[in-house]
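S.K.: Sharing a structure, written as structure tokens. Questions coming.
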Amino acid sequence: MTPAASTSLGAWGVALALGAGAIRISTPFLFVSLGECITEKGGRVNLGLEGTLVMGAMSAYGVSYLSGSAWLGALVAGLIGAALGLLHGWLCSLRRVNDVAIGIALILFGTGLAFFLGKPFIKPSAPLLPAIDFGFWSSSREVRSALQINALFLIGVALAPAVAFFFDRTRWGLVLRTVGESADAARAMGYRVDFVRSIATMCGGFLAGVGGSFLSLFYPGSWNERLSSGQGLMAVALVIFARWSPLRCLVASLLFGAASALGPALQSVGVMWGYHLFNAAPYALTLAIMIGTSSATRALDGQPAELSAAR
Amino acid sequence: MSRDAVETIVIRLGALALSLFLFGAFVAAAGASPLDVFYQMYRGSFGSAFSFQNTLLRAAPLMLTALCTAIPARLGLVIIGGEGALVVGGLAAAVTGLAAHGAPPLLATTAMAAVGFLVGGAWTGLAGALRAYRGVNETISSLLLNYVAIALLNHFVEGPLRDPASLNKPSTRPIAPEEMLSHIPGLDVHYGLVFGLVACAVAHVLMVRSVFGFGSSIVGGNLRAGQLCGLPVRRMIVIAAVLGGGAAGLAGMAEVAAVHGCANASLIAGYGYTGILVSFMARHEPLAIVPVALLFGGIDASNGLLQRVDNLPDATVGVLQGILFVVILASETLYGRFDWLPRGQPAVRAALDAGVETVKPAATEVSS
Amino acid sequence: MSAAAVVPAGPPKLAATGIRKRFGHVSVLEDVSLTLRPGSFHALLGENGAGKSTLVKCIMGYYLADAGRILVDDAEVRIASPRDAQALGIGMVYQHFTLVPNMSVAENLVMARARLPAVIDWRKEQGRLRDFMAHMPFQIDPARAVRSLAAGERQKLEILKQLYLGNRIVILDEPTSVLTPSEADEVLGMLRGMARDGRVSVLMISHKFREVMAFADEVTILRRGRVAGTASVADVTVASMAAMMVGGEPPSASASRSGGEPGPARLALEAVEALDARGVGALRGVTLEARAGEIVGIAGVSGNGQDELLEVLAGQREIVSGAIDVDGAPYGGTRAEARARGLRCLPEEPLRNACVATMTVSDNIGFRTYDQPPNTALGFVVKRGELRRRAAECVSAYRIKTASVDAPMASLSGGNVQRSVLARELQGTPRILVVANPCFGLDFAAVAEIRTRLLEARNAGVAVLLISADLDEIFALSDRILVISGGKIVHETPVADADVAVIGRFMAGHGHG
């Protein structure tokens, strides 16, 4: 998209770019937030998904480059994410080990490991995930580019109601929610609380890993060390905003995607001033939303009662 | 030495050894010789006067950024915004230095330090205030503020404050040489190290020995008990967050005024993140931060040698830090399990553990 | 589907013989035997620490007994987990609810089943639940959130859950501690009815003689881990049961009431309103006063605003509107004010609400005074040695059992935590003391001692506000009784004119009905 072409579209161009951003940039938010939603429903917080996201991006790119299959890359990213999630889950099952602190440690661990192992993959170009062209009907180049939609986005959109169904209508979903609402009640029913939480964290890690693969294998579509800048963390905040509802996670992800597109969109229509400030829009938005939705005096609706850290 | 201190040191050293072992296995898998890597790490950190001074240079900001996590931690907060506080503190100090051009140098330097402290303090103080008055999770908000701080730095050094002469690396104009922090006599290390040591000592007196520290321990141990005692919980949370961020802001000032001479992206060196690790490894004890910061400063200092001699990527240190952080936190579970240590009181310990698990403060509420 | 299997043959016979359980060197149960006949209502009596809970936990499979056998219909069984117990038709209702408040009645019941389909058809389940409820002595709408149920309804739901699971032997751990007297009678009456019908056998842990006399068929009394007696309820009296429970040394508060009329009002609340943790109104205009030298008892069913009332006075909760006055002047709850006006608090579960478990006993005792001379040097350094010396005085004056004043607070037993906090709060010159359920979970000796201290404080001119869910305690200690219901004070009476039945009606919110 050249600046000149967009300029001709003016404000419409900005809106289009925001819409396109909502679709394109939201995917990692969506996967990470759905994953974190599953983890938090069980009563634990995994802040380490930022590290998982970066590890996922790196491993997906590496596997795609080495094997030639982008989808295999996405799958491996998920599996690596699941392994990190399991590590988090297991460590938190130990007495006196705090889930928030372990999450911070895993941010450092995941990014450190990804940067180390990812060095050889910064230059080569790997096969990327294919996009589906939903814009064939339009003559506008901007519209067509905006509607180049990746299959992972569609999977994510389908996943949101699936996760909601899982929470409400399935045995495992009910067990997970019970564990998150009252560990004592779950124990009295004979469920292994730490085990359930570890599995939930593992599933959350899988989704976050897949979300990371989107970064390196579709948009922006390469591997480097500045690929993720807090998306994983924002997704965790987003779950609070979405009140632990998968469908609201979808809406919130789209909103965050649009906010993240603000800087590039303005730049594309020639607004150069404050590029870095507009790039900070999603962080400011996250903060604003957290301020707006938190309360100093009471628990939030829908918050799993065992969740200590999402206070 | 008390049993607790012995226990802490034994467990921490064990965690360190396990981490080094895992790291050795990792570099071996990556094709390097672990023994050589360890040797280079020693050589690059403590092996010579030169490398030790390099270690001290890196330990200085780590002491200060570790306090950013450690001071609020005593009130039960997990603030990880040291990187952001360092960056805005450094930026503000640079601006102050430029504005104070022509003033007596000592006054200018003092003003830079004061402004760096205040701006850094305001930065994490915001996270603390949001926690105290709005119930916003301080961990997430402080981490988000890091990104905002970096965006601000980029905005100013690439825009309004850019020195036209800085071509490859956009920077502010350099501050006057006479405003720079000088070196400690006899050492090739700037006064930032003194800042760090003094700050840790002051923090120890304040947080461990003083009335404020005692109250902080009550609030951090059980918020409800703090409220029952009539402590001004909200104000204390904000004060601790400001003091912590101020320390990190001071680190930013020292980086600007002693190392870079201007504010630019070099401030984003990860000291804030490593500081979190230092604080956790020191169990948020201000005095323990000093040796731990030296250790991590040493690891950081050896990075260059690892890259050159062992041909390892620059992220190697990141891997070691990640392993260390995870192993150290996991080792928390070992406390109270070494009954062979002197004066072991297994029953007391077991009761304490049970208490720790059941006594979760109802943390949703803060009322002063 | 277990719900269908509600009314086949009668419950089996359950017997535990020669049960022994030790924790480390501490013997909790020695050679305890108990038989629960089919269709009987059996009470298990004993002081706190007598081993009642441990015994039922051995039966339920939470603990494995060190010795002894458990027999169902005279066949020895091995119960290694609550699941095993459930497979044998044995279920338990706990003192604290195990329902999940944020889930619906239907979700709670369905979740409790041992076997669940992978995908749940809620329409079908709701239909089945309605059919099941139709056969029960009481009904609860399956779609309601448990959060919205009153305490009595929750307790009934707990019992209903056991029947839904097909359990024929129901064990209850002090099931009426959170109910009004009339709710308790209703629940127990229903249980007895079901036992008489041969639907279930009931084993109930209790410490309330009245309930045992009124509803149980048989009683087993434990004392210090041994069976002190087993009898048919028809053959015992309250006095004989009490003697068996305490071993012939009935406790009593040694201090008696002294002094004449109470003095001027020390503490006054005027139309105080406050929200609970979910943001719902919990105190809806509380007006009361406590005068020097009197104990004002606040009776009420748990969850009617008592917690919030204490929290408001302890500075743990902000008020929305209204006023709190001490000695006729507004009170803001700062540290300086609390010290100057002498307002002190002893909340329930003090380890959770008033202590730092990881700090030492001496630190915890010093919470009120650590920032005052002579405990400080240079005005800001805390002198730990001075705190330790003062704590040692408290430890001996209040007979606190602790390894040392440097032991962590969490290492103390419940009674000793209570004594430590009481010692701390009564240091100096207290003028107002707010206490909540001060004797909950304590043994007789500790109860008597704590009550004595409260009476002594009263006699010394302290205004005492006693919030308690235990009506007996309220009657034993108070000069004046107030009843709280729905966040309001709905009734007031001097203790001399108080009538349990009237107070019970007000507690249930039916004062005028």
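Chain labels follow the order of the structure tokens: the first chain is A, the next B, and so on; residue numbering restarts at 1 in every chain, and ligands are counted from 1 in their shown order.
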Could you list, as a list in words, the residues of chain B having an atom within 7 Å of chain A when counting only C-alpha atoms?
M.R.: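 Therefore, the residues near the partner are Tyr133, Arg134, Gly135, Val136, Asn137, Ser141, Leu144, Val148, Ala151, Leu152, Asn154, His155, Pro313, Ala315, Thr316, Gly318, Val319, Gly322, Ile323, Phe325, Val326, Leu329, Ala330, Glu332, Thr333, Thr364, Glu365 and Val366 of chain B.
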S.K.: Neighbours of Val272 in chain C within 7 Å (only C-alpha atoms; same-chain residues fewer than 5 positions away dropped), as a PyMOL selection string?
M.R.: chain C and resi 283-287+319+321-323
S.K.: Which chain A residues are at most 9 Å from chain C (counting only C-alpha atoms), as number ranges by chain?
M.R.: A: 166, 168-172, 174-175, 177-178, 181-182, 184-186, 188-190, 297-302, 304-305
S.K.: Export N, CA and C atoms of the chosen residues as a PDB file, in the first residue's frame?
M.R.:
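Contents of result-v4.pdb, as written:
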ATOM      1  N   PHE A 166     -17.538 -24.970  25.099  1.00  0.00           N
ATOM      2  CA  PHE A 166     -16.755 -25.833  25.990  1.00  0.00           C
ATOM      3  C   PHE A 166     -16.993 -25.466  27.460  1.00  0.00           C
ATOM      4  N   ASP A 168     -19.583 -23.904  28.816  1.00  0.00           N
ATOM      5  CA  ASP A 168     -20.962 -24.018  29.297  1.00  0.00           C
ATOM      6  C   ASP A 168     -21.538 -25.422  29.195  1.00  0.00           C
ATOM      7  N   ARG A 169     -21.104 -26.139  28.176  1.00  0.00           N
ATOM      8  CA  ARG A 169     -21.865 -27.333  27.855  1.00  0.00           C
ATOM      9  C   ARG A 169     -21.105 -28.635  27.978  1.00  0.00           C
ATOM     10  N   THR A 170     -19.841 -28.598  28.267  1.00  0.00           N
ATOM     11  CA  THR A 170     -19.130 -29.873  28.300  1.00  0.00           C
ATOM     12  C   THR A 170     -18.683 -30.205  29.719  1.00  0.00           C
ATOM     13  N   ARG A 171     -18.435 -31.480  29.914  1.00  0.00           N
ATOM     14  CA  ARG A 171     -18.002 -31.958  31.219  1.00  0.00           C
ATOM     15  C   ARG A 171     -16.699 -31.289  31.621  1.00  0.00           C
ATOM     16  N   TRP A 172     -15.728 -31.314  30.715  1.00  0.00           N
ATOM     17  CA  TRP A 172     -14.431 -30.747  31.074  1.00  0.00           C
ATOM     18  C   TRP A 172     -14.527 -29.253  31.345  1.00  0.00           C
ATOM     19  N   LEU A 174     -17.044 -27.700  32.576  1.00  0.00           N
ATOM     20  CA  LEU A 174     -17.661 -27.530  33.888  1.00  0.00           C
ATOM     21  C   LEU A 174     -16.648 -27.810  35.004  1.00  0.00           C
ATOM     22  N   VAL A 175     -15.852 -28.849  34.773  1.00  0.00           N
ATOM     23  CA  VAL A 175     -14.823 -29.174  35.771  1.00  0.00           C
ATOM     24  C   VAL A 175     -13.849 -28.005  35.892  1.00  0.00           C
ATOM     25  N   ARG A 177     -14.326 -24.859  35.245  1.00  0.00           N
ATOM     26  CA  ARG A 177     -14.932 -23.705  35.916  1.00  0.00           C
ATOM     27  C   ARG A 177     -15.062 -23.944  37.412  1.00  0.00           C
ATOM     28  N   THR A 178     -15.400 -25.171  37.789  1.00  0.00           N
ATOM     29  CA  THR A 178     -15.509 -25.467  39.217  1.00  0.00           C
ATOM     30  C   THR A 178     -14.161 -25.266  39.903  1.00  0.00           C
ATOM     31  N   GLU A 181     -13.597 -21.652  40.309  1.00  0.00           N
ATOM     32  CA  GLU A 181     -14.495 -20.955  41.224  1.00  0.00           C
ATOM     33  C   GLU A 181     -14.248 -21.352  42.665  1.00  0.00           C
ATOM     34  N   SER A 182     -13.938 -22.604  42.893  1.00  0.00           N
ATOM     35  CA  SER A 182     -13.727 -23.044  44.264  1.00  0.00           C
ATOM     36  C   SER A 182     -12.877 -24.298  44.275  1.00  0.00           C
ATOM     37  N   ASP A 184     -11.713 -25.746  46.788  1.00  0.00           N
ATOM     38  CA  ASP A 184     -12.162 -26.646  47.849  1.00  0.00           C
ATOM     39  C   ASP A 184     -13.308 -27.528  47.375  1.00  0.00           C
ATOM     40  N   ALA A 185     -14.277 -26.890  46.693  1.00  0.00           N
ATOM     41  CA  ALA A 185     -15.412 -27.664  46.196  1.00  0.00           C
ATOM     42  C   ALA A 185     -14.925 -28.709  45.204  1.00  0.00           C
ATOM     43  N   ALA A 186     -14.029 -28.317  44.317  1.00  0.00           N
ATOM     44  CA  ALA A 186     -13.538 -29.258  43.318  1.00  0.00           C
ATOM     45  C   ALA A 186     -12.809 -30.411  43.991  1.00  0.00           C
ATOM     46  N   ALA A 188     -13.346 -31.487  46.990  1.00  0.00           N
ATOM     47  CA  ALA A 188     -14.328 -32.316  47.667  1.00  0.00           C
ATOM     48  C   ALA A 188     -15.000 -33.273  46.682  1.00  0.00           C
ATOM     49  N   MET A 189     -15.079 -32.864  45.419  1.00  0.00           N
ATOM     50  CA  MET A 189     -15.671 -33.744  44.416  1.00  0.00           C
ATOM     51  C   MET A 189     -14.647 -34.738  43.878  1.00  0.00           C
ATOM     52  N   GLY A 190     -13.421 -34.612  44.328  1.00  0.00           N
ATOM     53  CA  GLY A 190     -12.415 -35.586  43.940  1.00  0.00           C
ATOM     54  C   GLY A 190     -11.603 -35.187  42.720  1.00  0.00           C
ATOM     55  N   THR A 297     -12.923  -1.488  45.024  1.00  0.00           N
ATOM     56  CA  THR A 297     -13.660  -2.002  46.171  1.00  0.00           C
ATOM     57  C   THR A 297     -14.357  -3.328  45.939  1.00  0.00           C
ATOM     58  N   ARG A 298     -14.364  -3.821  44.712  1.00  0.00           N
ATOM     59  CA  ARG A 298     -15.064  -5.101  44.583  1.00  0.00           C
ATOM     60  C   ARG A 298     -14.537  -5.954  43.453  1.00  0.00           C
ATOM     61  N   ALA A 299     -14.900  -7.216  43.508  1.00  0.00           N
ATOM     62  CA  ALA A 299     -14.514  -8.158  42.472  1.00  0.00           C
ATOM     63  C   ALA A 299     -15.330  -7.885  41.216  1.00  0.00           C
ATOM     64  N   LEU A 300     -14.792  -8.273  40.070  1.00  0.00           N
ATOM     65  CA  LEU A 300     -15.475  -8.021  38.813  1.00  0.00           C
ATOM     66  C   LEU A 300     -16.472  -9.140  38.520  1.00  0.00           C
ATOM     67  N   ASP A 301     -17.526  -8.792  37.824  1.00  0.00           N
ATOM     68  CA  ASP A 301     -18.477  -9.812  37.383  1.00  0.00           C
ATOM     69  C   ASP A 301     -17.760 -10.825  36.513  1.00  0.00           C
ATOM     70  N   GLY A 302     -18.072 -12.067  36.721  1.00  0.00           N
ATOM     71  CA  GLY A 302     -17.529 -13.093  35.848  1.00  0.00           C
ATOM     72  C   GLY A 302     -16.125 -13.523  36.209  1.00  0.00           C
ATOM     73  N   PRO A 304     -13.339 -15.470  37.832  1.00  0.00           N
ATOM     74  CA  PRO A 304     -13.244 -16.720  38.600  1.00  0.00           C
ATOM     75  C   PRO A 304     -12.768 -16.420  40.020  1.00  0.00           C
ATOM     76  N   ALA A 305     -13.473 -16.989  40.990  1.00  0.00           N
ATOM     77  CA  ALA A 305     -13.223 -16.598  42.373  1.00  0.00           C
ATOM     78  C   ALA A 305     -11.832 -16.972  42.863  1.00  0.00           C
TER      79      ALA A 305
END
S.K.: Can you check which residues of chain C have any atom within 6 Å of chain B? Use only C-alpha atoms and format it as a PyMOL selection string.
M.R.: chain C and resi 314-316+334-335+352-356+371+380-382+410-411
S.K.: Would you mind reading off the distance between CA of Leu387 in chain C and CA of Asp4 in chain B, one decimal, in Å?
M.R.: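 Going from CA of Leu387 in chain C over to CA of Asp4 in chain B covers 20.3 Å.
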S.K.: Write out as an MDAnalysis selection string which residues come within 12 Å of Phe23 in chain B when counting only C-alpha atoms, dropping same-chain ones fewer than 3 positions away.
M.R.: (chainID A and resid 109 113) or (chainID B and resid 15:20 26:30 32:35 37:38 316:324 327)
S.K.: List every residue of range 177-407 of chain C that DSSP, applied to the backbone of this structure, assigns to alpha helix (DSSP H), and report them as a PDB file with C-alpha atoms, in the first residue's frame.
M.R.:
ATOM      1  CA  PRO C 181     -33.115 -21.458  64.995  1.00  0.00           C
ATOM      2  CA  SER C 182     -36.255 -21.947  62.921  1.00  0.00           C
ATOM      3  CA  GLU C 183     -34.309 -22.759  59.747  1.00  0.00           C
ATOM      4  CA  ALA C 184     -32.285 -25.240  61.743  1.00  0.00           C
ATOM      5  CA  ASP C 185     -35.438 -26.879  63.060  1.00  0.00           C
ATOM      6  CA  GLU C 186     -36.828 -27.085  59.557  1.00  0.00           C
ATOM      7  CA  VAL C 187     -33.709 -28.681  58.081  1.00  0.00           C
ATOM      8  CA  LEU C 188     -33.245 -31.111  60.950  1.00  0.00           C
ATOM      9  CA  GLY C 189     -36.937 -31.954  61.007  1.00  0.00           C
ATOM     10  CA  MET C 190     -36.772 -32.782  57.330  1.00  0.00           C
ATOM     11  CA  LEU C 191     -33.730 -34.978  57.869  1.00  0.00           C
ATOM     12  CA  ARG C 192     -35.424 -36.795  60.706  1.00  0.00           C
ATOM     13  CA  GLY C 193     -38.515 -37.286  58.579  1.00  0.00           C
ATOM     14  CA  MET C 194     -36.457 -38.828  55.809  1.00  0.00           C
ATOM     15  CA  ALA C 195     -34.688 -41.055  58.315  1.00  0.00           C
ATOM     16  CA  ARG C 196     -38.025 -42.198  59.764  1.00  0.00           C
ATOM     17  CA  PHE C 209     -27.500 -30.137  73.039  1.00  0.00           C
ATOM     18  CA  ARG C 210     -30.891 -28.750  72.152  1.00  0.00           C
ATOM     19  CA  GLU C 211     -30.730 -30.093  68.612  1.00  0.00           C
ATOM     20  CA  VAL C 212     -29.450 -33.454  69.739  1.00  0.00           C
ATOM     21  CA  MET C 213     -32.254 -33.797  72.278  1.00  0.00           C
ATOM     22  CA  ALA C 214     -34.928 -32.669  69.845  1.00  0.00           C
ATOM     23  CA  PHE C 215     -33.988 -34.587  66.713  1.00  0.00           C
ATOM     24  CA  VAL C 238     -28.291 -32.461  78.815  1.00  0.00           C
ATOM     25  CA  ALA C 239     -26.422 -32.565  82.101  1.00  0.00           C
ATOM     26  CA  SER C 240     -25.267 -36.147  81.635  1.00  0.00           C
ATOM     27  CA  MET C 241     -24.118 -35.439  78.082  1.00  0.00           C
ATOM     28  CA  ALA C 242     -22.246 -32.330  79.193  1.00  0.00           C
ATOM     29  CA  ALA C 243     -20.538 -34.305  81.931  1.00  0.00           C
ATOM     30  CA  MET C 244     -19.417 -36.931  79.420  1.00  0.00           C
ATOM     31  CA  MET C 245     -18.153 -34.262  77.036  1.00  0.00           C
ATOM     32  CA  VAL C 246     -15.943 -32.391  79.455  1.00  0.00           C
ATOM     33  CA  GLN C 306     -22.127  -8.665  60.526  1.00  0.00           C
ATOM     34  CA  ASP C 307     -18.882  -9.063  58.575  1.00  0.00           C
ATOM     35  CA  GLU C 308     -19.299  -5.667  56.992  1.00  0.00           C
ATOM     36  CA  LEU C 309     -20.188  -4.055  60.301  1.00  0.00           C
ATOM     37  CA  LEU C 310     -16.961  -5.271  61.842  1.00  0.00           C
ATOM     38  CA  GLU C 311     -14.966  -4.325  58.764  1.00  0.00           C
ATOM     39  CA  VAL C 312     -16.374  -0.812  58.818  1.00  0.00           C
ATOM     40  CA  LEU C 313     -15.296  -0.379  62.428  1.00  0.00           C
ATOM     41  CA  ALA C 314     -11.932  -2.046  61.784  1.00  0.00           C
ATOM     42  CA  ARG C 335      -4.137   5.054  63.213  1.00  0.00           C
ATOM     43  CA  ALA C 336      -3.807   8.200  65.274  1.00  0.00           C
ATOM     44  CA  GLU C 337      -7.553   8.358  65.913  1.00  0.00           C
ATOM     45  CA  ALA C 338      -7.793   4.693  66.819  1.00  0.00           C
ATOM     46  CA  ARG C 339      -5.016   5.227  69.351  1.00  0.00           C
ATOM     47  CA  ALA C 340      -6.347   8.459  70.793  1.00  0.00           C
ATOM     48  CA  ARG C 341      -9.926   7.216  71.100  1.00  0.00           C
ATOM     49  CA  PRO C 350      -7.876 -13.400  63.627  1.00  0.00           C
ATOM     50  CA  LEU C 351      -5.067 -15.170  61.795  1.00  0.00           C
ATOM     51  CA  ARG C 352      -6.721 -14.234  58.528  1.00  0.00           C
ATOM     52  CA  ASN C 353      -8.131 -10.861  59.526  1.00  0.00           C
ATOM     53  CA  VAL C 361       4.462 -13.455  67.576  1.00  0.00           C
ATOM     54  CA  SER C 362       6.290 -10.457  69.027  1.00  0.00           C
ATOM     55  CA  ASP C 363       5.822  -8.427  65.837  1.00  0.00           C
ATOM     56  CA  ASN C 364       2.131  -9.300  65.728  1.00  0.00           C
ATOM     57  CA  ILE C 365       1.616  -8.317  69.334  1.00  0.00           C
ATOM     58  CA  ARG C 384      12.703  -5.103  67.883  1.00  0.00           C
ATOM     59  CA  GLY C 385      14.204  -5.920  71.276  1.00  0.00           C
ATOM     60  CA  GLU C 386      11.711  -3.665  73.021  1.00  0.00           C
ATOM     61  CA  LEU C 387       8.826  -5.272  71.099  1.00  0.00           C
ATOM     62  CA  ARG C 388      10.108  -8.699  72.093  1.00  0.00           C
ATOM     63  CA  ARG C 389      10.252  -7.734  75.757  1.00  0.00           C
ATOM     64  CA  ARG C 390       6.701  -6.446  75.720  1.00  0.00           C
ATOM     65  CA  ALA C 391       5.475  -9.476  73.808  1.00  0.00           C
ATOM     66  CA  ALA C 392       7.052 -11.739  76.419  1.00  0.00           C
ATOM     67  CA  GLU C 393       5.016  -9.942  79.089  1.00  0.00           C
ATOM     68  CA  CYS C 394       1.823 -10.526  77.109  1.00  0.00           C
ATOM     69  CA  VAL C 395       2.703 -14.167  76.514  1.00  0.00           C
ATOM     70  CA  SER C 396       2.948 -14.805  80.232  1.00  0.00           C
ATOM     71  CA  ALA C 397       0.019 -12.578  81.241  1.00  0.00           C
TER      72      ALA C 397
END
S.K.: Excluding His284 in chain B and residues on its chain fewer than 2 positions from it, collect all residues at most 9 Å away from it, counting only C-alpha atoms, and give them as a PyMOL selection string.
M.R.: chain B and resi 66-67+69-71+73-74+278-282+286-289
S.K.: Show me, as a PyMOL selection string, the residues that have an atom within 10 Å of Arg248 in chain A when counting only C-alpha atoms, minus same-chain residues fewer than 4 positions from it.
M.R.: chain A and resi 34+160-161+238-239+241-244+252-254
S.K.: Would you save the residues from that selection as a PDB file, in the first residue's frame, using C-alpha atoms?
M.R.:
ATOM      1  CA  LEU A  34      -8.683 -17.222  24.271  1.00  0.00           C
ATOM      2  CA  ALA A 160     -14.346 -18.197  20.269  1.00  0.00           C
ATOM      3  CA  PRO A 161     -17.849 -19.739  20.247  1.00  0.00           C
ATOM      4  CA  LEU A 238      -7.818  -7.972  27.393  1.00  0.00           C
ATOM      5  CA  VAL A 239      -9.239 -11.046  29.112  1.00  0.00           C
ATOM      6  CA  PHE A 241     -11.733  -6.399  29.859  1.00  0.00           C
ATOM      7  CA  ALA A 242     -13.677  -9.244  28.214  1.00  0.00           C
ATOM      8  CA  ARG A 243     -14.858 -10.394  31.648  1.00  0.00           C
ATOM      9  CA  TRP A 244     -13.652 -13.933  30.982  1.00  0.00           C
ATOM     10  CA  ALA A 252     -11.939  -6.980  22.250  1.00  0.00           C
ATOM     11  CA  SER A 253      -9.279  -8.504  19.991  1.00  0.00           C
ATOM     12  CA  LEU A 254     -10.748  -6.785  16.961  1.00  0.00           C
TER      13      LEU A 254
END
S.K.: Given the choices C:Thr369, C:Asn375, C:Thr402, C:Asn167, which gets closest to Gln427 in chain C if the distance is worked out from only C-alpha atoms?
M.R.: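 Checking each of C:Thr369, C:Asn375, C:Thr402, C:Asn167 against Gln427 in chain C, counting only C-alpha atoms, the winner is C:Thr369.
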S.K.: Separation of CA of Ile25 in chain A and CA of Gln303 in chain A, in Å?
M.R.: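 So the answer is 26.7 Å.
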S.K.: Quick one: residues within 10 Å of Gly303 in chain C, only C-alpha atoms, excluding same-chain residues fewer than 5 positions away - as a PyMOL selection string?
M.R.: chain C and resi 150-151+178+282+308+469+484-487
